[in-house]
Amino acid sequence: MSARKIIIDTDPGQDDAVAILLALASPELEVLGITAVAGNVPLALTQKNARIICELAGRPDMAVYAGCDAPLKRPLVTAEHVHGKTGLDGPDLPDPVMALADGHGVDFIIETLRTHDAGTVTLCPLGPLSNIATAFQKAPDIVNRVQEIVLMGGAYFAVGNITPTAEFNIYVDPEAADIVFKSGVNITVVPLDVTHKVLVTSARNDAFRAIGTPVGIAVAQMTDFFERFDKEKYGSLGAPLHDPCVTAYLIRPDLFGGRHINVEIETSSPLTLGMTVADWWGVTDRAPNATFLGDVDADGFFALLTDRLARL
Ligand code: BDR
Ligand code: CA
């Protein structure tokens with residue numbers, strides 16, 4: 001079977017970094033390019049961090065584009081309190097030598113969808129949906145050329161992390177999320193409900209470190225840093241590894257379970273802005289527009305991730 005073509009749209013972020021590494025290590029996926037977006041930290045850092053990770057993976061040939069530096073209609077909200085000042089705090093990785101690709105990330109998304117056969121390119125957003133929504137607005141002809149969007153964002157049972165009712169990626173650019181969820185594209189959502197079941201316990205972190213390679217050691221250092229915040233906040237055994245669930249789902253969908261339901265985005269209430277209103281229980285007659293994941297085989301996920309990281 002030929003590799004599935006994907007574009008990773010990302011705001012690294014330690015967990016984004018691990019998601020990128022997993023994709024680059026996996027023959028089932030062909031990464032056509034990486035588009036950075038402002039999110040966890042400003043764009044100047046997310047595009048740089050994406051290049052740092054490509055070089056760590058031994059892929060300085062990868063095309064990394066800078067995309068939107070702000071949400072569609074709102075000032076940027078960042079998450080240095082989780083990811084540190086650089087967004088990639090933890091390991092001491094060198095500044096990238098590889099150059100940023102020429103052109104805007106949004107134009108790369110548009111051109112890639114136009115030049116590949118319709119239905120053969122999957123979008124993998126790991127941050128706010130500003131780049132994807134901007135591409136859909138600028139070039140509506142690409143919308144029905146997208147094979148699928150598999151995104152990390154939202155929550156139902158876990159409700160929220162940046163506010164009591166909103167998950168960070170959706171909260172930062174709710175108008176963009178609204179455009180994407182109303183686009184009619186086949187969408188799979190990896191919400192906090194799933195990612196909070198994928199915790200980097202100390203045994204799992206030890207397994208990363210035991211790989212013994214620069215990648216294994218850097219991932220262990222990233223999750224070491226990342227987990228301080230979550231352990232303190234949730235009293236959990238380790239940090240939820242949010243974004244790698246997207247790339248793991250593309251490689252091993254059998255590790256995940258969910259429901260095809262209606263999901264709408266709150267864009268106006270100051271109290272619940274950015275909430276993913278997910279009709280998990282089917283209590284409305286609103287048409288399903290997304291597959292909303294709820295379950296994951298966490299041991300299977302970590303076995304896959306550790307095995308693949310060891311290949312880099
Ligand atoms: C999401 O927000 C970011 O902080 C993480 O990288 C992840 O994409 C989790 O809410
Ligand atoms: Ca992210």
# chains A, B, ... in the order shown; residues from 1 in each chain; ligands from 1
call {"tool": "residues_near_ligand", "arguments": {"ligand": "ligand 2", "cutoff": "12 Å", "atoms": "only C-alpha atoms and all ligand atoms", "output": "VMD selection string"}}
result
chain A and resid 8 to 20 36 to 41 46 49 to 50 78 to 79 82 to 83 87 to 88 124 to 129 151 to 154 167 to 170 172 190 to 191 195 240 to 246
call {"tool": "residues_around", "arguments": {"residues": "Lys182 in chain A", "least_positions_apart": "3", "cutoff": "9 Å", "atoms": "only C-alpha atoms", "output": "VMD selection string"}}
result
chain A and resid 177 to 179 185 264 289
call {"tool": "write_last_selection", "arguments": {"atoms": "N, CA, C and O atoms", "output": "tab-separated table (two decimals), in the first residue's frame"}}
result
chain	number	residue	atom	x	y	z
A	177	ALA	N	-11.96	27.54	13.69
A	177	ALA	CA	-12.50	26.20	13.97
A	177	ALA	C	-13.92	26.08	13.43
A	177	ALA	O	-14.30	25.06	12.84
A	178	ASP	N	-14.70	27.13	13.60
A	178	ASP	CA	-16.08	27.12	13.11
A	178	ASP	C	-16.12	26.91	11.59
A	178	ASP	O	-16.92	26.12	11.08
A	179	ILE	N	-15.24	27.59	10.89
A	179	ILE	CA	-15.17	27.44	9.42
A	179	ILE	C	-14.82	25.99	9.05
A	179	ILE	O	-15.44	25.38	8.18
A	185	VAL	N	-15.87	18.86	5.06
A	185	VAL	CA	-14.77	17.90	4.91
A	185	VAL	C	-14.96	16.78	5.95
A	185	VAL	O	-15.48	17.00	7.04
A	264	GLU	N	-20.23	21.38	17.06
A	264	GLU	CA	-20.29	22.80	16.69
A	264	GLU	C	-19.39	23.60	17.65
A	264	GLU	O	-19.14	23.17	18.78
A	289	ASN	N	-21.10	15.71	11.67
A	289	ASN	CA	-20.10	16.33	10.77
A	289	ASN	C	-18.68	15.93	11.14
A	289	ASN	O	-17.73	16.42	10.53
call {"tool": "closest_residue", "arguments": {"among": "A:Ala25, A:Leu250, A:Val159, A:Val263", "to": "ligand 1", "atoms": "only C-alpha atoms and all ligand atoms"}}
result
A:Val159
call {"tool": "closest_residue", "arguments": {"among": "A:Val97, A:Ile109, A:Met1, A:Ile162", "to": "Met275 in chain A", "atoms": "only C-alpha atoms"}}
result
A:Ile162
call {"tool": "residues_around", "arguments": {"residues": "Ala63 in chain A", "least_positions_apart": "2", "cutoff": "12 Å", "atoms": "only C-alpha atoms", "output": "list in words"}}
result
Ile7, Ile8, Asp9, Val31, Leu32, Gly33, Ile34, Thr35, Ala36, Gln47, Ala50, Arg51, Cys54, Glu55, Arg59, Pro60, Asp61, Tyr65, Ala66, Met98, Ala99, Leu100, Ala101, Asp102, Gly103, His104, Gly105, Phe108 and Ile109 of chain A
call {"tool": "write_last_selection", "arguments": {"atoms": "N, CA and C atoms", "output": "compact mmCIF listing (two decimals), in the first residue's frame"}}
result
# COMPACT_ATOMS: atom_id res chain seq x y z
N ILE A 7 -0.21 16.76 5.20
CA ILE A 7 0.42 18.04 5.55
C ILE A 7 0.24 18.21 7.05
N ILE A 8 1.33 18.45 7.76
CA ILE A 8 1.24 18.69 9.21
C ILE A 8 1.19 20.20 9.44
N ASP A 9 0.14 20.64 10.10
CA ASP A 9 -0.05 22.07 10.39
C ASP A 9 0.11 22.22 11.91
N VAL A 31 5.04 12.81 4.45
CA VAL A 31 4.80 14.20 4.86
C VAL A 31 5.18 15.10 3.68
N LEU A 32 4.16 15.75 3.09
CA LEU A 32 4.41 16.60 1.92
C LEU A 32 5.04 17.93 2.32
N GLY A 33 4.77 18.35 3.54
CA GLY A 33 5.31 19.61 4.03
C GLY A 33 4.74 19.89 5.41
N ILE A 34 5.35 20.85 6.07
CA ILE A 34 4.92 21.23 7.41
C ILE A 34 4.62 22.73 7.38
N THR A 35 3.44 23.10 7.85
CA THR A 35 3.09 24.52 7.92
C THR A 35 3.00 24.92 9.38
N ALA A 36 3.71 25.97 9.74
CA ALA A 36 3.69 26.44 11.12
C ALA A 36 2.61 27.50 11.28
N GLN A 47 7.75 28.27 13.74
CA GLN A 47 8.39 27.86 12.46
C GLN A 47 9.84 27.44 12.69
N ALA A 50 9.76 23.95 14.33
CA ALA A 50 9.47 22.89 13.35
C ALA A 50 10.74 22.50 12.60
N ARG A 51 11.57 23.49 12.28
CA ARG A 51 12.83 23.18 11.58
C ARG A 51 13.82 22.46 12.50
N CYS A 54 12.78 18.86 12.46
CA CYS A 54 13.13 18.16 11.21
C CYS A 54 14.61 17.80 11.20
N GLU A 55 15.44 18.72 11.67
CA GLU A 55 16.88 18.43 11.70
C GLU A 55 17.19 17.33 12.72
N ARG A 59 15.98 15.12 8.80
CA ARG A 59 15.23 15.47 7.59
C ARG A 59 15.31 16.97 7.27
N PRO A 60 16.55 17.48 7.06
CA PRO A 60 16.69 18.90 6.73
C PRO A 60 16.11 19.24 5.35
N ASP A 61 15.74 18.20 4.60
CA ASP A 61 15.15 18.40 3.27
C ASP A 61 13.65 18.73 3.35
N TYR A 65 7.05 25.68 6.15
CA TYR A 65 6.54 27.01 5.77
C TYR A 65 6.03 27.75 7.00
N ALA A 66 6.16 29.05 6.99
CA ALA A 66 5.50 29.88 8.00
C ALA A 66 4.10 30.23 7.49
N MET A 98 18.77 24.54 8.29
CA MET A 98 17.88 24.52 7.12
C MET A 98 17.06 25.79 7.06
N ALA A 99 16.84 26.27 5.83
CA ALA A 99 16.08 27.51 5.66
C ALA A 99 14.58 27.23 5.69
N LEU A 100 13.85 28.27 6.01
CA LEU A 100 12.40 28.22 5.89
C LEU A 100 12.07 28.17 4.39
N ALA A 101 11.06 27.41 4.02
CA ALA A 101 10.67 27.37 2.60
C ALA A 101 10.09 28.72 2.18
N ASP A 102 10.29 29.07 0.91
CA ASP A 102 9.74 30.33 0.39
C ASP A 102 8.23 30.24 0.26
N GLY A 103 7.56 31.34 0.52
CA GLY A 103 6.12 31.38 0.35
C GLY A 103 5.39 31.22 1.67
N HIS A 104 4.09 31.48 1.62
CA HIS A 104 3.25 31.43 2.83
C HIS A 104 2.68 30.01 2.99
N GLY A 105 2.59 29.57 4.22
CA GLY A 105 2.06 28.23 4.50
C GLY A 105 0.67 28.01 3.93
N PHE A 108 0.97 27.19 0.35
CA PHE A 108 1.46 25.82 0.18
C PHE A 108 0.30 24.83 0.31
N ILE A 109 -0.55 25.04 1.29
CA ILE A 109 -1.70 24.14 1.49
C ILE A 109 -2.59 24.17 0.23
call {"tool": "select_by_dssp", "arguments": {"residues": "range 52-218 of chain A", "states": "helix (DSSP H, G or I)", "output": "ChimeraX atom specification"}}
result
/A:52-56,80-83,105-115,130-138,140-145,168-172,174-181,192-195,202-210,214-218
call {"tool": "atom_distance", "arguments": {"atom1": "CA of Ser2 in chain A", "atom2": "CA of Ala133 in chain A"}}
result
28.3 Å
call {"tool": "closest_residue", "arguments": {"among": "A:Gly90, A:Gly160, A:Gly119, A:Pro27", "to": "ligand 1", "atoms": "only C-alpha atoms and all ligand atoms"}}
result
A:Gly160
call {"tool": "closest_residue", "arguments": {"among": "A:Leu199, A:Leu255, A:Leu293, A:Leu192", "to": "ligand 1", "atoms": "only C-alpha atoms and all ligand atoms"}}
result
A:Leu192
call {"tool": "closest_residue", "arguments": {"among": "A:Ala290, A:His260, A:Val283, A:Gly235", "to": "Ser183 in chain A", "atoms": "only C-alpha atoms"}}
result
A:Ala290
